[in-house]
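Coordinates from my_file19.txt are shown below (compact mmCIF, N, CA and C atoms).
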```txt
# COMPACT_ATOMS: atom_id res chain seq x y z
N MET A 160 0.85 -1.17 0.00
CA MET A 160 0.00 0.00 0.00
C MET A 160 0.90 1.23 0.00
N ILE A 161 0.51 2.19 -0.79
CA ILE A 161 1.31 3.40 -0.94
C ILE A 161 0.39 4.62 -0.93
N ASP A 162 0.75 5.61 -0.12
CA ASP A 162 0.07 6.91 -0.12
C ASP A 162 0.92 7.88 -0.93
N ILE A 163 0.27 8.72 -1.73
CA ILE A 163 0.99 9.71 -2.53
C ILE A 163 0.37 11.08 -2.31
N GLU A 164 1.22 12.07 -2.06
CA GLU A 164 0.80 13.47 -2.03
C GLU A 164 1.40 14.15 -3.24
N VAL A 165 0.61 15.01 -3.87
CA VAL A 165 1.09 15.71 -5.06
C VAL A 165 1.56 17.11 -4.70
N SER A 166 2.47 17.63 -5.55
CA SER A 166 3.02 18.96 -5.31
C SER A 166 2.33 20.02 -6.15
N ALA A 167 1.56 19.60 -7.14
CA ALA A 167 0.87 20.55 -8.02
C ALA A 167 -0.54 20.03 -8.28
N ASN A 168 -1.49 20.94 -8.36
CA ASN A 168 -2.87 20.52 -8.60
C ASN A 168 -3.42 21.04 -9.92
N ASP A 169 -2.53 21.37 -10.85
CA ASP A 169 -3.03 21.79 -12.16
C ASP A 169 -3.50 20.56 -12.93
N LEU A 170 -4.48 20.75 -13.77
CA LEU A 170 -5.15 19.66 -14.46
C LEU A 170 -4.19 18.81 -15.29
N LYS A 171 -3.28 19.44 -16.00
CA LYS A 171 -2.34 18.69 -16.85
C LYS A 171 -1.46 17.75 -16.02
N THR A 172 -0.91 18.25 -14.92
CA THR A 172 -0.07 17.42 -14.05
C THR A 172 -0.86 16.25 -13.49
N ILE A 173 -2.06 16.52 -13.00
CA ILE A 173 -2.90 15.47 -12.41
C ILE A 173 -3.27 14.42 -13.46
N GLU A 174 -3.70 14.86 -14.64
CA GLU A 174 -4.07 13.91 -15.70
C GLU A 174 -2.89 13.05 -16.11
N THR A 175 -1.72 13.67 -16.26
CA THR A 175 -0.53 12.92 -16.66
C THR A 175 -0.13 11.92 -15.59
N LEU A 176 -0.15 12.34 -14.33
CA LEU A 176 0.18 11.45 -13.23
C LEU A 176 -0.79 10.28 -13.16
N GLU A 177 -2.07 10.55 -13.28
CA GLU A 177 -3.08 9.48 -13.22
C GLU A 177 -2.93 8.51 -14.39
N GLU A 178 -2.67 9.01 -15.58
CA GLU A 178 -2.45 8.13 -16.74
C GLU A 178 -1.23 7.26 -16.54
N THR A 179 -0.15 7.86 -16.05
CA THR A 179 1.09 7.12 -15.85
C THR A 179 0.92 6.02 -14.81
N LEU A 180 0.38 6.38 -13.64
CA LEU A 180 0.22 5.39 -12.58
C LEU A 180 -0.77 4.30 -12.97
N SER A 181 -1.82 4.65 -13.68
CA SER A 181 -2.80 3.67 -14.13
C SER A 181 -2.21 2.66 -15.10
N SER A 182 -1.18 3.08 -15.82
CA SER A 182 -0.58 2.20 -16.83
C SER A 182 0.35 1.15 -16.23
N TYR A 183 0.77 1.31 -14.99
CA TYR A 183 1.69 0.36 -14.37
C TYR A 183 0.94 -0.92 -14.01
N GLU A 184 1.41 -2.05 -14.50
CA GLU A 184 0.70 -3.29 -14.21
C GLU A 184 0.83 -3.70 -12.74
N GLU A 185 1.83 -3.19 -12.04
CA GLU A 185 1.97 -3.48 -10.60
C GLU A 185 0.85 -2.84 -9.78
N VAL A 186 0.23 -1.79 -10.29
CA VAL A 186 -0.83 -1.07 -9.58
C VAL A 186 -2.14 -1.83 -9.79
N VAL A 187 -2.65 -2.42 -8.70
CA VAL A 187 -3.88 -3.20 -8.78
C VAL A 187 -5.10 -2.44 -8.25
N GLU A 188 -4.84 -1.34 -7.54
CA GLU A 188 -5.92 -0.48 -7.06
C GLU A 188 -5.36 0.94 -7.01
N PHE A 189 -6.16 1.91 -7.47
CA PHE A 189 -5.70 3.29 -7.56
C PHE A 189 -6.87 4.19 -7.27
N ARG A 190 -6.77 4.97 -6.20
CA ARG A 190 -7.88 5.82 -5.77
C ARG A 190 -7.42 7.26 -5.56
N ARG A 191 -8.25 8.21 -5.99
CA ARG A 191 -8.05 9.62 -5.66
C ARG A 191 -8.83 9.86 -4.38
N MET A 192 -8.20 10.50 -3.41
CA MET A 192 -8.80 10.66 -2.10
C MET A 192 -9.16 12.13 -1.85
N TYR A 193 -10.14 12.36 -0.97
CA TYR A 193 -10.38 13.69 -0.43
C TYR A 193 -9.36 13.91 0.68
N GLY A 194 -8.79 15.09 0.77
CA GLY A 194 -7.82 15.37 1.84
C GLY A 194 -6.50 14.67 1.59
N ARG A 195 -5.84 14.31 2.68
CA ARG A 195 -4.55 13.64 2.57
C ARG A 195 -4.69 12.16 2.87
N PRO A 196 -4.00 11.32 2.18
CA PRO A 196 -3.15 11.58 1.02
C PRO A 196 -4.01 11.90 -0.21
N ASP A 197 -3.38 12.38 -1.25
CA ASP A 197 -4.11 12.68 -2.48
C ASP A 197 -4.50 11.40 -3.22
N TYR A 198 -3.62 10.40 -3.16
CA TYR A 198 -3.86 9.12 -3.83
C TYR A 198 -3.50 7.97 -2.92
N PHE A 199 -4.17 6.86 -3.16
CA PHE A 199 -3.88 5.60 -2.50
C PHE A 199 -3.66 4.57 -3.59
N LEU A 200 -2.55 3.86 -3.51
CA LEU A 200 -2.26 2.80 -4.45
C LEU A 200 -2.06 1.49 -3.71
N ARG A 201 -2.55 0.43 -4.29
CA ARG A 201 -2.23 -0.91 -3.81
C ARG A 201 -1.46 -1.56 -4.95
N VAL A 202 -0.27 -2.06 -4.65
CA VAL A 202 0.55 -2.67 -5.68
C VAL A 202 0.79 -4.13 -5.35
N ALA A 203 1.00 -4.92 -6.39
CA ALA A 203 1.30 -6.34 -6.23
C ALA A 203 2.61 -6.62 -6.98
N VAL A 204 3.60 -7.07 -6.21
CA VAL A 204 4.90 -7.42 -6.76
C VAL A 204 5.35 -8.74 -6.14
N ALA A 205 6.40 -9.31 -6.70
CA ALA A 205 6.85 -10.63 -6.29
C ALA A 205 7.48 -10.67 -4.89
N ASP A 206 8.27 -9.65 -4.55
CA ASP A 206 9.01 -9.70 -3.29
C ASP A 206 9.49 -8.30 -2.91
N ASP A 207 10.25 -8.22 -1.82
CA ASP A 207 10.75 -6.94 -1.32
C ASP A 207 11.64 -6.23 -2.35
N ALA A 208 12.46 -6.99 -3.04
CA ALA A 208 13.35 -6.39 -4.05
C ALA A 208 12.53 -5.76 -5.18
N ALA A 209 11.49 -6.44 -5.61
CA ALA A 209 10.63 -5.90 -6.67
C ALA A 209 9.87 -4.67 -6.17
N TYR A 210 9.48 -4.68 -4.91
CA TYR A 210 8.78 -3.53 -4.32
C TYR A 210 9.71 -2.32 -4.28
N ASN A 211 10.94 -2.55 -3.83
CA ASN A 211 11.92 -1.48 -3.80
C ASN A 211 12.20 -0.94 -5.21
N ALA A 212 12.32 -1.83 -6.17
CA ALA A 212 12.55 -1.40 -7.56
C ALA A 212 11.37 -0.58 -8.08
N PHE A 213 10.16 -0.96 -7.73
CA PHE A 213 8.98 -0.21 -8.15
C PHE A 213 8.99 1.18 -7.53
N LEU A 214 9.24 1.25 -6.24
CA LEU A 214 9.24 2.55 -5.56
C LEU A 214 10.32 3.48 -6.10
N THR A 215 11.53 2.98 -6.20
CA THR A 215 12.64 3.84 -6.60
C THR A 215 12.72 4.06 -8.10
N GLY A 216 12.31 3.08 -8.87
CA GLY A 216 12.45 3.18 -10.31
C GLY A 216 11.25 3.73 -11.05
N ARG A 217 10.07 3.62 -10.45
CA ARG A 217 8.87 4.02 -11.17
C ARG A 217 8.13 5.18 -10.51
N LEU A 218 8.15 5.27 -9.18
CA LEU A 218 7.42 6.34 -8.49
C LEU A 218 8.28 7.55 -8.18
N THR A 219 9.44 7.29 -7.58
CA THR A 219 10.30 8.39 -7.17
C THR A 219 10.72 9.21 -8.37
N GLY A 220 10.51 10.50 -8.26
CA GLY A 220 10.92 11.40 -9.34
C GLY A 220 9.87 11.70 -10.39
N LEU A 221 8.69 11.09 -10.29
CA LEU A 221 7.63 11.42 -11.24
C LEU A 221 7.20 12.87 -11.05
N PRO A 222 6.99 13.60 -12.14
CA PRO A 222 6.54 14.99 -12.01
C PRO A 222 5.21 15.07 -11.26
N GLY A 223 5.15 15.98 -10.32
CA GLY A 223 3.92 16.20 -9.56
C GLY A 223 3.87 15.50 -8.23
N ILE A 224 4.73 14.51 -7.99
CA ILE A 224 4.71 13.80 -6.71
C ILE A 224 5.57 14.53 -5.69
N LEU A 225 4.95 14.88 -4.58
CA LEU A 225 5.65 15.53 -3.48
C LEU A 225 6.20 14.51 -2.49
N ARG A 226 5.34 13.55 -2.11
CA ARG A 226 5.72 12.60 -1.06
C ARG A 226 5.11 11.24 -1.35
N VAL A 227 5.89 10.21 -1.10
CA VAL A 227 5.44 8.82 -1.21
C VAL A 227 5.63 8.18 0.15
N GLU A 228 4.56 7.63 0.69
CA GLU A 228 4.64 6.93 1.97
C GLU A 228 4.24 5.49 1.74
N SER A 229 5.12 4.61 2.09
CA SER A 229 4.93 3.19 1.81
C SER A 229 4.51 2.45 3.07
N HIS A 230 3.61 1.49 2.89
CA HIS A 230 3.13 0.66 4.00
C HIS A 230 3.25 -0.80 3.58
N LEU A 231 4.15 -1.52 4.20
CA LEU A 231 4.30 -2.94 3.92
C LEU A 231 3.54 -3.75 4.96
N THR A 232 2.92 -4.80 4.51
CA THR A 232 2.16 -5.67 5.41
C THR A 232 3.11 -6.59 6.15
N MET A 233 2.98 -6.60 7.47
CA MET A 233 3.76 -7.53 8.29
C MET A 233 3.07 -8.90 8.30
N LYS A 234 1.72 -8.86 8.45
CA LYS A 234 0.98 -10.10 8.58
C LYS A 234 -0.49 -9.83 8.24
N LYS A 235 -1.10 -10.69 7.47
CA LYS A 235 -2.54 -10.60 7.21
C LYS A 235 -3.28 -11.21 8.37
N ILE A 236 -4.18 -10.45 8.96
CA ILE A 236 -4.98 -10.95 10.07
C ILE A 236 -6.33 -11.45 9.56
N LYS A 237 -6.93 -10.66 8.67
CA LYS A 237 -8.23 -11.02 8.11
C LYS A 237 -8.29 -10.48 6.69
N THR A 238 -8.84 -11.25 5.78
CA THR A 238 -8.94 -10.84 4.39
C THR A 238 -10.24 -11.36 3.79
N ASP A 239 -10.68 -10.71 2.70
CA ASP A 239 -11.89 -11.15 2.01
C ASP A 239 -11.67 -12.37 1.17
N ASP A 240 -10.42 -12.72 0.90
CA ASP A 240 -10.09 -13.85 0.01
C ASP A 240 -10.54 -15.17 0.55
```
Since I need it in another form, could you write the structure as structure tokens?
Amino acid sequence: MIDIEVSANDLKTIETLEETLSSYEEVVEFRRMYGRPDYFLRVAVADDAAYNAFLTGRLTGLPGILRVESHLTMKKIKTDD
């Protein structure tokens, strides 16, 4: 799970960011939120190394992103699956 805050709220930046993030196959859920954070992403990757590669190689440095906060699951307690 990843929270994202944006640094700019102009329409072009938001549309470009949403198109880019939506195109990543690792992103399995993508929501625009009211308040903070601006976006919530749920990603699915193979392991910690793939997660780190996704964060540093695909999210970090994208235009419009101010802050990325990552939440890794320690243990599933209850799930709908």
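The closest residue to Leu176 in chain A, picked from A:Ala212, A:Tyr198, A:Tyr193, A:Ala205 and counting only C-alpha atoms, is A:Tyr198.
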Report task. Once DSSP has gone over the backbone, tell me which residues of chain A are in helix (DSSP H, G or I), as an NGL selection string. Result -> :A and (170-182 or 207-218)
**Report entry** d(CA of Gly223 in chain A, CA of Leu200 in chain A) in Å
**Finding:** 15.6 Å
Report task. Around the point (3.8, -3.3, -9.0), in the coordinates given by the file, pick out the residues reaching within 5 Å, counting all atoms listed in the file, and return them as a ChimeraX atom specification. Result -> /A:184-186,202-204
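CA of Gly194 in chain A is positioned 25.1 Å from atom N of Met233 in chain A.
For the atom pair formed by atom C of Arg217 in chain A and atom C of Lys234 in chain A, the distance is 25.5 Å, given to one decimal.
The closest residue to Phe199 in chain A, picked from A:Leu170, A:Leu221, A:Val227, A:Leu214 and counting only C-alpha atoms, is A:Val227.
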Query - Test item, strand (DSSP E) assignment across chain A, answer as a ChimeraX atom specification - result: /A:161-165,186-191,198-202,224-229
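For the residues A:Asn211, A:Val187, A:Leu218, A:Arg226, ranking by smallest atom-to-atom distance to Ser166 in chain A using only N, CA and C atoms places A:Arg226 first.
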Box for range 186-190 of chain A - axis-aligned, 8 Å on each of the six sides, all listed atoms - centre and size in Å to one decimal, as AutoDock Vina command-line options.
```
--center_x -3.8 --center_y 2.0 --center_z -7.9 --size_x 24.1 --size_y 26.5 --size_z 20.7
```
